[in-house]
>>> print(open('target00.pdb').read())   # PDB, C-alpha atoms
ATOM      1  CA  MET P  64      97.805  60.677 152.730  1.00  0.00           C
ATOM      2  CA  GLY P  65      97.846  64.062 150.983  1.00  0.00           C
ATOM      3  CA  THR P  66      98.782  67.387 152.555  1.00  0.00           C
ATOM      4  CA  GLU P  67      95.197  68.661 152.762  1.00  0.00           C
ATOM      5  CA  GLU P  68      93.987  65.527 154.549  1.00  0.00           C
ATOM      6  CA  ARG P  69      96.927  65.642 156.994  1.00  0.00           C
ATOM      7  CA  HIS P  70      96.131  69.264 157.827  1.00  0.00           C
ATOM      8  CA  ARG P  71      92.474  68.423 158.355  1.00  0.00           C
ATOM      9  CA  ARG P  72      93.313  65.547 160.707  1.00  0.00           C
ATOM     10  CA  ILE P  73      95.781  67.629 162.704  1.00  0.00           C
ATOM     11  CA  GLY P  74      93.177  70.368 163.087  1.00  0.00           C
ATOM     12  CA  ALA P  75      90.564  67.800 164.149  1.00  0.00           C
ATOM     13  CA  LEU P  76      92.878  66.350 166.814  1.00  0.00           C
ATOM     14  CA  LEU P  77      93.453  69.800 168.286  1.00  0.00           C
ATOM     15  CA  ARG P  78      89.696  70.276 168.588  1.00  0.00           C
ATOM     16  CA  HIS P  79      89.770  67.610 171.330  1.00  0.00           C
ATOM     17  CA  GLN P  80      93.307  67.699 172.728  1.00  0.00           C
ATOM     18  CA  GLU P  81      95.090  70.620 174.338  1.00  0.00           C
ATOM     19  CA  HIS P  82      98.499  69.435 173.151  1.00  0.00           C
ATOM     20  CA  VAL P  83      99.802  66.958 170.586  1.00  0.00           C
ATOM     21  CA  THR P  84     103.374  65.796 170.077  1.00  0.00           C
ATOM     22  CA  ILE P  85     105.137  65.212 166.789  1.00  0.00           C
ATOM     23  CA  ASP P  86     105.395  61.501 167.643  1.00  0.00           C
ATOM     24  CA  GLU P  87     101.613  61.316 168.199  1.00  0.00           C
ATOM     25  CA  LEU P  88     100.970  63.035 164.884  1.00  0.00           C
ATOM     26  CA  MET P  89     103.381  60.754 163.040  1.00  0.00           C
ATOM     27  CA  GLY P  90     101.301  57.799 164.212  1.00  0.00           C
ATOM     28  CA  ALA P  91      97.982  59.517 163.517  1.00  0.00           C
ATOM     29  CA  VAL P  92      98.678  60.549 159.922  1.00  0.00           C
ATOM     30  CA  GLY P  93     101.459  58.163 158.901  1.00  0.00           C
ATOM     31  CA  ALA P  94     104.010  60.820 157.962  1.00  0.00           C
ATOM     32  CA  SER P  95     107.640  61.457 158.848  1.00  0.00           C
ATOM     33  CA  GLY P  96     108.730  63.829 161.595  1.00  0.00           C
ATOM     34  CA  ALA P  97     110.097  66.283 159.029  1.00  0.00           C
ATOM     35  CA  THR P  98     106.778  66.328 157.168  1.00  0.00           C
ATOM     36  CA  ILE P  99     104.837  66.867 160.407  1.00  0.00           C
ATOM     37  CA  ARG P 100     107.101  69.764 161.397  1.00  0.00           C
ATOM     38  CA  ARG P 101     106.484  71.438 158.040  1.00  0.00           C
ATOM     39  CA  ASP P 102     102.729  70.873 158.429  1.00  0.00           C
ATOM     40  CA  LEU P 103     102.745  72.424 161.899  1.00  0.00           C
ATOM     41  CA  ASP P 104     104.684  75.456 160.679  1.00  0.00           C
ATOM     42  CA  VAL P 105     102.156  76.012 157.879  1.00  0.00           C
ATOM     43  CA  LEU P 106      99.159  75.553 160.170  1.00  0.00           C
ATOM     44  CA  ALA P 107     100.643  77.891 162.779  1.00  0.00           C
ATOM     45  CA  ARG P 108     101.049  80.630 160.151  1.00  0.00           C
ATOM     46  CA  HIS P 109      97.375  80.210 159.247  1.00  0.00           C
ATOM     47  CA  GLY P 110      96.176  80.490 162.841  1.00  0.00           C
ATOM     48  CA  VAL P 111      95.149  76.855 163.245  1.00  0.00           C
ATOM     49  CA  LEU P 112      97.460  76.067 166.172  1.00  0.00           C
ATOM     50  CA  ARG P 113     100.313  77.368 168.296  1.00  0.00           C
ATOM     51  CA  ARG P 114     103.676  75.788 167.600  1.00  0.00           C
ATOM     52  CA  VAL P 115     105.547  74.632 170.706  1.00  0.00           C
ATOM     53  CA  HIS P 116     108.706  72.595 171.240  1.00  0.00           C
ATOM     54  CA  GLY P 117     108.048  69.009 170.203  1.00  0.00           C
ATOM     55  CA  GLY P 118     104.525  69.565 168.912  1.00  0.00           C
ATOM     56  CA  ALA P 119     101.578  71.984 168.947  1.00  0.00           C
ATOM     57  CA  ARG P 120      98.902  73.426 171.235  1.00  0.00           C
ATOM     58  CA  SER P 121      95.217  73.971 170.502  1.00  0.00           C
ATOM     59  CA  LEU P 122      93.870  77.489 170.028  1.00  0.00           C
ATOM     60  CA  VAL P 123      90.202  76.479 170.291  1.00  0.00           C
ATOM     61  CA  LEU P 124      89.940  73.853 173.028  1.00  0.00           C
ATOM     62  CA  GLY P 125      88.975  76.474 175.610  1.00  0.00           C
ATOM     63  CA  GLY P 126      85.729  77.087 173.756  1.00  0.00           C
ATOM     64  CA  GLY P 127      86.731  80.180 171.789  1.00  0.00           C
ATOM     65  CA  TYR P 128      85.507  80.738 168.235  1.00  0.00           C
ATOM     66  CA  PRO P 129      87.987  79.065 165.843  1.00  0.00           C
ATOM     67  CA  GLU P 130      90.265  81.269 163.755  1.00  0.00           C
ATOM     68  CA  TYR P 131      89.772  81.509 159.990  1.00  0.00           C
ATOM     69  CA  GLY P 132      92.650  79.095 159.334  1.00  0.00           C
ATOM     70  CA  GLN P 133      91.086  76.413 161.542  1.00  0.00           C
ATOM     71  CA  ARG P 134      87.671  76.770 159.939  1.00  0.00           C
ATOM     72  CA  GLU P 135      89.169  76.738 156.448  1.00  0.00           C
ATOM     73  CA  ILE P 136      90.438  73.170 156.804  1.00  0.00           C
ATOM     74  CA  GLU P 137      87.128  71.846 158.166  1.00  0.00           C
ATOM     75  CA  ASP P 138      84.289  70.511 156.001  1.00  0.00           C
ATOM     76  CA  ARG P 139      86.019  71.561 152.787  1.00  0.00           C
ATOM     77  CA  ALA P 140      84.162  69.154 150.510  1.00  0.00           C
ATOM     78  CA  VAL P 141      80.823  70.231 151.991  1.00  0.00           C
ATOM     79  CA  LYS P 142      81.640  73.917 151.496  1.00  0.00           C
ATOM     80  CA  VAL P 143      82.536  73.278 147.854  1.00  0.00           C
ATOM     81  CA  ARG P 144      79.154  71.598 147.289  1.00  0.00           C
ATOM     82  CA  ILE P 145      77.306  74.411 149.024  1.00  0.00           C
ATOM     83  CA  ALA P 146      79.233  77.021 147.043  1.00  0.00           C
ATOM     84  CA  ALA P 147      78.405  75.286 143.755  1.00  0.00           C
ATOM     85  CA  GLY P 148      74.737  75.189 144.774  1.00  0.00           C
ATOM     86  CA  VAL P 149      74.775  78.920 145.512  1.00  0.00           C
ATOM     87  CA  ALA P 150      76.574  79.769 142.250  1.00  0.00           C
ATOM     88  CA  ALA P 151      73.904  77.893 140.275  1.00  0.00           C
ATOM     89  CA  LEU P 152      71.273  80.252 141.714  1.00  0.00           C
ATOM     90  CA  LEU P 153      73.056  83.422 140.594  1.00  0.00           C
ATOM     91  CA  PRO P 154      72.474  84.631 137.011  1.00  0.00           C
ATOM     92  CA  ASP P 155      75.194  86.355 135.021  1.00  0.00           C
ATOM     93  CA  ARG P 156      75.353  90.146 134.794  1.00  0.00           C
ATOM     94  CA  GLY P 157      73.835  90.632 138.218  1.00  0.00           C
ATOM     95  CA  HIS P 158      75.085  92.578 141.243  1.00  0.00           C
ATOM     96  CA  VAL P 159      75.903  90.260 144.144  1.00  0.00           C
ATOM     97  CA  TRP P 160      76.944  90.914 147.746  1.00  0.00           C
ATOM     98  CA  VAL P 161      79.085  88.127 149.267  1.00  0.00           C
ATOM     99  CA  ASP P 162      79.584  87.751 153.019  1.00  0.00           C
ATOM    100  CA  SER P 163      82.896  86.998 154.780  1.00  0.00           C
ATOM    101  CA  GLY P 164      84.032  83.630 156.149  1.00  0.00           C
ATOM    102  CA  THR P 165      85.298  80.355 154.743  1.00  0.00           C
ATOM    103  CA  THR P 166      82.049  79.308 153.054  1.00  0.00           C
ATOM    104  CA  ALA P 167      81.802  82.751 151.463  1.00  0.00           C
ATOM    105  CA  THR P 168      85.347  82.345 150.124  1.00  0.00           C
ATOM    106  CA  ALA P 169      84.303  79.019 148.592  1.00  0.00           C
ATOM    107  CA  VAL P 170      81.378  80.821 146.904  1.00  0.00           C
ATOM    108  CA  ALA P 171      83.760  83.484 145.593  1.00  0.00           C
ATOM    109  CA  ARG P 172      85.922  80.768 143.989  1.00  0.00           C
ATOM    110  CA  GLN P 173      82.847  79.512 142.141  1.00  0.00           C
ATOM    111  CA  LEU P 174      82.179  83.019 140.793  1.00  0.00           C
ATOM    112  CA  ARG P 175      85.692  83.955 139.693  1.00  0.00           C
ATOM    113  CA  LEU P 176      85.038  83.453 135.965  1.00  0.00           C
ATOM    114  CA  ARG P 177      81.456  84.727 135.930  1.00  0.00           C
ATOM    115  CA  GLN P 178      80.206  87.908 134.258  1.00  0.00           C
ATOM    116  CA  MET P 179      78.781  89.827 137.202  1.00  0.00           C
ATOM    117  CA  THR P 180      79.561  92.557 139.680  1.00  0.00           C
ATOM    118  CA  VAL P 181      80.477  91.367 143.170  1.00  0.00           C
ATOM    119  CA  MET P 182      81.010  93.169 146.474  1.00  0.00           C
ATOM    120  CA  PRO P 183      83.061  90.768 148.653  1.00  0.00           C
ATOM    121  CA  MET P 184      83.311  91.287 152.418  1.00  0.00           C
ATOM    122  CA  SER P 185      86.822  89.891 152.902  1.00  0.00           C
ATOM    123  CA  LEU P 186      90.244  89.998 151.316  1.00  0.00           C
ATOM    124  CA  GLN P 187      90.155  86.187 151.085  1.00  0.00           C
ATOM    125  CA  ALA P 188      87.124  86.495 148.813  1.00  0.00           C
ATOM    126  CA  VAL P 189      88.840  89.252 146.808  1.00  0.00           C
ATOM    127  CA  SER P 190      91.810  86.930 146.279  1.00  0.00           C
ATOM    128  CA  ALA P 191      89.525  84.042 145.261  1.00  0.00           C
ATOM    129  CA  LEU P 192      87.637  86.224 142.773  1.00  0.00           C
ATOM    130  CA  THR P 193      90.849  87.398 141.092  1.00  0.00           C
ATOM    131  CA  GLU P 194      92.768  84.117 141.277  1.00  0.00           C
ATOM    132  CA  GLY P 195      94.889  83.413 138.229  1.00  0.00           C
ATOM    133  CA  GLY P 196      95.015  87.014 137.042  1.00  0.00           C
ATOM    134  CA  PRO P 197      94.243  88.051 133.441  1.00  0.00           C
ATOM    135  CA  ALA P 198      95.561  84.741 132.074  1.00  0.00           C
ATOM    136  CA  ALA P 199      92.703  82.872 133.767  1.00  0.00           C
ATOM    137  CA  GLY P 200      90.087  84.677 131.698  1.00  0.00           C
ATOM    138  CA  ARG P 201      87.356  87.125 132.553  1.00  0.00           C
ATOM    139  CA  HIS P 202      86.815  87.931 136.228  1.00  0.00           C
ATOM    140  CA  PRO P 203      83.809  89.617 137.845  1.00  0.00           C
ATOM    141  CA  ASP P 204      83.863  93.362 138.337  1.00  0.00           C
ATOM    142  CA  LEU P 205      84.579  94.112 141.997  1.00  0.00           C
ATOM    143  CA  LEU P 206      83.165  96.734 144.330  1.00  0.00           C
ATOM    144  CA  LEU P 207      85.108  97.027 147.594  1.00  0.00           C
ATOM    145  CA  PRO P 208      83.242  98.273 150.661  1.00  0.00           C
ATOM    146  CA  GLY P 209      86.071 100.052 152.474  1.00  0.00           C
ATOM    147  CA  GLY P 210      86.027 100.453 156.238  1.00  0.00           C
ATOM    148  CA  SER P 211      88.191  98.757 158.852  1.00  0.00           C
ATOM    149  CA  LEU P 212      89.906  95.427 158.274  1.00  0.00           C
ATOM    150  CA  LEU P 213      89.642  92.792 160.987  1.00  0.00           C
ATOM    151  CA  ALA P 214      92.986  91.037 161.529  1.00  0.00           C
ATOM    152  CA  GLY P 215      92.939  87.259 161.070  1.00  0.00           C
ATOM    153  CA  GLU P 216      89.552  87.201 159.380  1.00  0.00           C
ATOM    154  CA  ARG P 217      90.686  89.934 156.960  1.00  0.00           C
ATOM    155  CA  SER P 218      87.067  91.001 156.686  1.00  0.00           C
ATOM    156  CA  PHE P 219      85.650  94.508 156.329  1.00  0.00           C
ATOM    157  CA  ARG P 220      83.873  95.976 159.360  1.00  0.00           C
ATOM    158  CA  GLY P 221      82.587  99.232 160.776  1.00  0.00           C
ATOM    159  CA  PRO P 222      80.285 102.174 159.957  1.00  0.00           C
ATOM    160  CA  MET P 223      81.994 102.983 156.640  1.00  0.00           C
ATOM    161  CA  THR P 224      81.537  99.411 155.451  1.00  0.00           C
ATOM    162  CA  GLU P 225      77.874  99.382 156.457  1.00  0.00           C
ATOM    163  CA  SER P 226      77.204 102.784 154.878  1.00  0.00           C
ATOM    164  CA  ASN P 227      78.787 101.795 151.564  1.00  0.00           C
ATOM    165  CA  ILE P 228      76.786  98.563 151.444  1.00  0.00           C
ATOM    166  CA  ARG P 229      73.547 100.421 152.113  1.00  0.00           C
ATOM    167  CA  SER P 230      74.311 102.971 149.375  1.00  0.00           C
ATOM    168  CA  LEU P 231      73.825 100.215 146.771  1.00  0.00           C
ATOM    169  CA  ARG P 232      71.124  97.759 145.746  1.00  0.00           C
ATOM    170  CA  PHE P 233      72.082  94.174 144.956  1.00  0.00           C
ATOM    171  CA  ASP P 234      70.200  91.538 143.008  1.00  0.00           C
ATOM    172  CA  ALA P 235      71.266  88.982 145.604  1.00  0.00           C
ATOM    173  CA  ALA P 236      73.090  88.744 148.916  1.00  0.00           C
ATOM    174  CA  VAL P 237      74.956  85.545 149.811  1.00  0.00           C
ATOM    175  CA  LEU P 238      74.919  85.332 153.598  1.00  0.00           C
ATOM    176  CA  THR P 239      77.006  82.879 155.633  1.00  0.00           C
ATOM    177  CA  PRO P 240      75.716  83.095 159.222  1.00  0.00           C
ATOM    178  CA  CYS P 241      77.685  81.764 162.180  1.00  0.00           C
ATOM    179  CA  ALA P 242      74.549  80.043 163.449  1.00  0.00           C
ATOM    180  CA  LEU P 243      70.999  79.469 162.255  1.00  0.00           C
ATOM    181  CA  ASN P 244      67.853  78.158 163.905  1.00  0.00           C
ATOM    182  CA  LEU P 245      64.095  78.342 163.550  1.00  0.00           C
ATOM    183  CA  ARG P 246      63.524  80.469 166.636  1.00  0.00           C
ATOM    184  CA  ASP P 247      66.152  83.199 166.195  1.00  0.00           C
ATOM    185  CA  GLY P 248      66.969  83.061 162.491  1.00  0.00           C
ATOM    186  CA  MET P 249      70.478  84.106 161.444  1.00  0.00           C
ATOM    187  CA  MET P 250      73.149  84.976 163.994  1.00  0.00           C
ATOM    188  CA  ALA P 251      76.790  86.068 164.202  1.00  0.00           C
ATOM    189  CA  HIS P 252      79.438  85.733 166.872  1.00  0.00           C
ATOM    190  CA  ASP P 253      80.032  89.468 167.306  1.00  0.00           C
ATOM    191  CA  LEU P 254      78.040  92.674 166.944  1.00  0.00           C
ATOM    192  CA  ASP P 255      80.192  94.240 164.218  1.00  0.00           C
ATOM    193  CA  ASP P 256      79.899  91.177 161.995  1.00  0.00           C
ATOM    194  CA  ALA P 257      76.149  91.058 162.603  1.00  0.00           C
ATOM    195  CA  ALA P 258      75.817  94.721 161.579  1.00  0.00           C
ATOM    196  CA  VAL P 259      77.631  94.127 158.279  1.00  0.00           C
ATOM    197  CA  LYS P 260      75.561  91.036 157.536  1.00  0.00           C
ATOM    198  CA  ARG P 261      72.374  92.961 158.330  1.00  0.00           C
ATOM    199  CA  ALA P 262      73.364  95.702 155.888  1.00  0.00           C
ATOM    200  CA  GLY P 263      73.865  93.080 153.163  1.00  0.00           C
ATOM    201  CA  VAL P 264      70.460  91.515 153.837  1.00  0.00           C
ATOM    202  CA  GLU P 265      68.663  94.865 153.825  1.00  0.00           C
ATOM    203  CA  SER P 266      70.308  95.953 150.555  1.00  0.00           C
ATOM    204  CA  ALA P 267      69.444  92.896 148.457  1.00  0.00           C
ATOM    205  CA  ALA P 268      66.355  91.892 146.491  1.00  0.00           C
ATOM    206  CA  ARG P 269      67.047  88.212 147.220  1.00  0.00           C
ATOM    207  CA  VAL P 270      68.828  86.636 150.194  1.00  0.00           C
ATOM    208  CA  ILE P 271      70.600  83.308 149.751  1.00  0.00           C
ATOM    209  CA  VAL P 272      71.927  81.697 152.929  1.00  0.00           C
ATOM    210  CA  ALA P 273      74.849  79.268 152.606  1.00  0.00           C
ATOM    211  CA  CYS P 274      75.113  77.168 155.745  1.00  0.00           C
ATOM    212  CA  CYS P 275      76.725  73.821 156.570  1.00  0.00           C
ATOM    213  CA  ALA P 276      74.904  71.347 158.811  1.00  0.00           C
ATOM    214  CA  ALA P 277      77.049  72.137 161.860  1.00  0.00           C
ATOM    215  CA  LYS P 278      75.557  75.633 162.040  1.00  0.00           C
ATOM    216  CA  TRP P 279      71.928  74.487 162.036  1.00  0.00           C
ATOM    217  CA  ASP P 280      70.232  74.671 165.432  1.00  0.00           C
ATOM    218  CA  ALA P 281      73.342  76.370 166.794  1.00  0.00           C
ATOM    219  CA  THR P 282      73.367  79.697 168.568  1.00  0.00           C
ATOM    220  CA  ALA P 283      75.506  82.846 168.691  1.00  0.00           C
ATOM    221  CA  VAL P 284      75.407  86.130 170.552  1.00  0.00           C
ATOM    222  CA  ALA P 285      74.293  88.627 167.893  1.00  0.00           C
ATOM    223  CA  LEU P 286      71.063  88.508 165.892  1.00  0.00           C
ATOM    224  CA  VAL P 287      71.236  89.322 162.173  1.00  0.00           C
ATOM    225  CA  ALA P 288      67.706  88.760 160.840  1.00  0.00           C
ATOM    226  CA  SER P 289      64.808  86.349 161.138  1.00  0.00           C
ATOM    227  CA  LEU P 290      64.125  83.566 158.662  1.00  0.00           C
ATOM    228  CA  ASP P 291      61.462  85.773 157.091  1.00  0.00           C
ATOM    229  CA  ALA P 292      64.331  87.656 155.422  1.00  0.00           C
ATOM    230  CA  VAL P 293      65.645  84.496 153.720  1.00  0.00           C
ATOM    231  CA  ASP P 294      64.611  83.443 150.213  1.00  0.00           C
ATOM    232  CA  VAL P 295      66.809  80.364 149.718  1.00  0.00           C
ATOM    233  CA  LEU P 296      68.795  78.178 152.124  1.00  0.00           C
ATOM    234  CA  VAL P 297      71.604  76.091 150.590  1.00  0.00           C
ATOM    235  CA  THR P 298      72.906  73.443 152.991  1.00  0.00           C
ATOM    236  CA  ASP P 299      74.006  69.852 153.437  1.00  0.00           C
ATOM    237  CA  HIS P 300      71.726  69.411 156.461  1.00  0.00           C
ATOM    238  CA  GLN P 301      69.011  66.750 156.253  1.00  0.00           C
ATOM    239  CA  PHE P 302      65.933  68.353 157.787  1.00  0.00           C
ATOM    240  CA  SER P 303      63.097  66.627 159.573  1.00  0.00           C
ATOM    241  CA  ALA P 304      59.647  66.896 158.004  1.00  0.00           C
ATOM    242  CA  GLU P 305      58.642  69.240 160.828  1.00  0.00           C
ATOM    243  CA  ASP P 306      61.593  71.575 160.238  1.00  0.00           C
ATOM    244  CA  LEU P 307      60.902  71.637 156.488  1.00  0.00           C
ATOM    245  CA  ASP P 308      57.288  72.535 157.182  1.00  0.00           C
ATOM    246  CA  GLN P 309      58.343  75.436 159.405  1.00  0.00           C
ATOM    247  CA  LEU P 310      60.814  76.672 156.807  1.00  0.00           C
ATOM    248  CA  THR P 311      58.027  76.581 154.220  1.00  0.00           C
ATOM    249  CA  GLN P 312      55.901  78.703 156.545  1.00  0.00           C
ATOM    250  CA  HIS P 313      58.708  81.277 156.450  1.00  0.00           C
ATOM    251  CA  SER P 314      58.678  81.036 152.599  1.00  0.00           C
ATOM    252  CA  VAL P 315      62.232  79.674 152.601  1.00  0.00           C
ATOM    253  CA  GLU P 316      63.199  77.508 149.625  1.00  0.00           C
ATOM    254  CA  VAL P 317      65.582  74.751 150.731  1.00  0.00           C
ATOM    255  CA  VAL P 318      68.318  73.412 148.449  1.00  0.00           C
ATOM    256  CA  ILE P 319      70.106  70.375 149.921  1.00  0.00           C
ATOM    257  CA  VAL P 320      73.471  69.582 148.327  1.00  0.00           C
TER
END
>>> encode(input="target00.pdb", output="structure tokens")
Amino acid sequence: MGTEERHRRIGALLRHQEHVTIDELMGAVGASGATIRRDLDVLARHGVLRRVHGGARSLVLGGGYPEYGQREIEDRAVKVRIAAGVAALLPDRGHVWVDSGTTATAVARQLRLRQMTVMPMSLQAVSALTEGGPAAGRHPDLLLPGGSLLAGERSFRGPMTESNIRSLRFDAAVLTPCALNLRDGMMAHDLDDAAVKRAGVESAARVIVACCAAKWDATAVALVASLDAVDVLVTDHQFSAEDLDQLTQHSVEVVIV
């Protein structure tokens, strides 16, 4: 079993158990104790778990929103497919706003060799867009929004961020909501994130929502915008005929990857 798969399985176990021991993990992933200890150290640095003597403790079992590191190891293959679907919708030489979050970072990786101008909402996306340096070839031109930086997420927040977004006009905004449903539309888990997302939506000629199936019919505390603001939804979710009909009524094009 490769490192990425081990990390994913460890993260999945800690979604359902408060504590796991090194012996339990050795049996679960078929790796040595030394390998498991290294895995736990890496995952602890990325905010996936808390390292304790003899094993690890969950950071999300109490119902809190998972940290970036935890979300990054979940549904990776799906996020890559969604990101590729989004990238195919974006023409070269355009101006694109890209949200924060793990799916947004996957989109940024797809755009890193494209000829366009991108405003990314997180340092993870900045890193993905510039990965490889000059030797990798041409990278997009970057516009950074400024403002405050949220620890852990490393995303831009606050009035300065919102003002700088609204001072520009983008050909497309790539939005990655925390939750999405037919009644409420797009939502975020906190008010500051919702405000930044709303600024991106209101500053773009076209809104593309990138959303994995787990976020469909979910809910969150802060409203971003209704489905009427969405032009295209890129997702792995298999919709019912009734849901597709309602999305059509909102003039939302659905791309299933």
>>> resolve_selection(input="target00.pdb", expression="the PyMOL selection byres ((chain P and resi 318) around 12)", output="list in words")
Arg144, Ile145, Ala146, Ala147, Gly148, Val149, Ala151, Leu152, Ile271, Val272, Ala273, Cys274, Cys275, Asp294, Val295, Leu296, Val297, Thr298, Asp299, His300, Gln301, Phe302, Leu307, Leu310, Val315, Glu316, Val317, Ile319 and Val320 of chain P
>>> resolve_selection(input="target00.pdb", expression="the PyMOL selection byres ((chain P and resi 135-140) around 9)", output="JSON, numbers by chain")
{"P": [67, 68, 70, 71, 74, 75, 111, 130, 131, 132, 133, 134, 141, 142, 143, 144, 145, 164, 165, 166, 169, 275]}
>>> resolve_selection(input="target00.pdb", expression="the PyMOL selection byres ((chain P and resi 153) around 10)", output="compact mmCIF listing (two decimals) with C-alpha atoms, in the coordinates of the input")
# COMPACT_ATOMS: atom_id res chain seq x y z
CA GLY P 148 74.74 75.19 144.77
CA VAL P 149 74.78 78.92 145.51
CA ALA P 150 76.57 79.77 142.25
CA ALA P 151 73.90 77.89 140.28
CA LEU P 152 71.27 80.25 141.71
CA PRO P 154 72.47 84.63 137.01
CA ASP P 155 75.19 86.36 135.02
CA ARG P 156 75.35 90.15 134.79
CA GLY P 157 73.83 90.63 138.22
CA HIS P 158 75.08 92.58 141.24
CA VAL P 159 75.90 90.26 144.14
CA LEU P 174 82.18 83.02 140.79
CA ARG P 177 81.46 84.73 135.93
CA MET P 179 78.78 89.83 137.20
CA ASP P 234 70.20 91.54 143.01
CA ALA P 235 71.27 88.98 145.60
CA ALA P 236 73.09 88.74 148.92
CA VAL P 237 74.96 85.54 149.81
CA ILE P 271 70.60 83.31 149.75
>>> closest_residue(input="target00.pdb", among="P:Arg69, P:His79, P:Val264, P:Arg108", to="Val92 in chain P", atoms="only C-alpha atoms")
P:Arg69
>>> atom_distance(input="target00.pdb", atom1="CA of Pro240 in chain P", atom2="CA of Leu176 in chain P")
25.1 Å
>>> residues_near_point(input="target00.pdb", point="(81.8, 93.8, 156.7)", cutoff="8 Å", atoms="only C-alpha atoms", output="PyMOL selection string")
chain P and resi 162-163+184-185+208+210+218-221+224-225+255-256+258-260
>>> atom_distance(input="target00.pdb", atom1="CA of Ala97 in chain P", atom2="CA of Arg114 in chain P")
14.3 Å
>>> atom_distance(input="target00.pdb", atom1="CA of Ser314 in chain P", atom2="CA of Arg261 in chain P")
19.0 Å
>>> residues_near_point(input="target00.pdb", point="(107.4, 73.7, 174.0)", cutoff="12 Å", atoms="only C-alpha atoms", output="ChimeraX atom specification")
/P:82-85,113-120
>>> residues_around(input="target00.pdb", residues="Ala251 in chain P", least_positions_apart="6", cutoff="10 Å", atoms="only C-alpha atoms", output="short mmCIF file (atom, residue, chain, number, x, y, z; two decimals) with C-alpha atoms, keeping the file's coordinate frame")
data_model
loop_
_atom_site.label_atom_id
_atom_site.label_comp_id
_atom_site.auth_asym_id
_atom_site.auth_seq_id
_atom_site.Cartn_x
_atom_site.Cartn_y
_atom_site.Cartn_z
CA THR P 239 77.01 82.88 155.63
CA PRO P 240 75.72 83.10 159.22
CA CYS P 241 77.68 81.76 162.18
CA ALA P 242 74.55 80.04 163.45
CA LEU P 243 71.00 79.47 162.26
CA ALA P 257 76.15 91.06 162.60
CA ALA P 258 75.82 94.72 161.58
CA LYS P 260 75.56 91.04 157.54
CA THR P 282 73.37 79.70 168.57
CA ALA P 283 75.51 82.85 168.69
CA VAL P 284 75.41 86.13 170.55
CA ALA P 285 74.29 88.63 167.89
CA LEU P 286 71.06 88.51 165.89
CA VAL P 287 71.24 89.32 162.17
#
>>> residues_around(input="target00.pdb", residues="Asp306 in chain P", least_positions_apart="5", cutoff="10 Å", atoms="all atoms listed in the file", output="ChimeraX atom specification")
/P:244-245,301,311-312
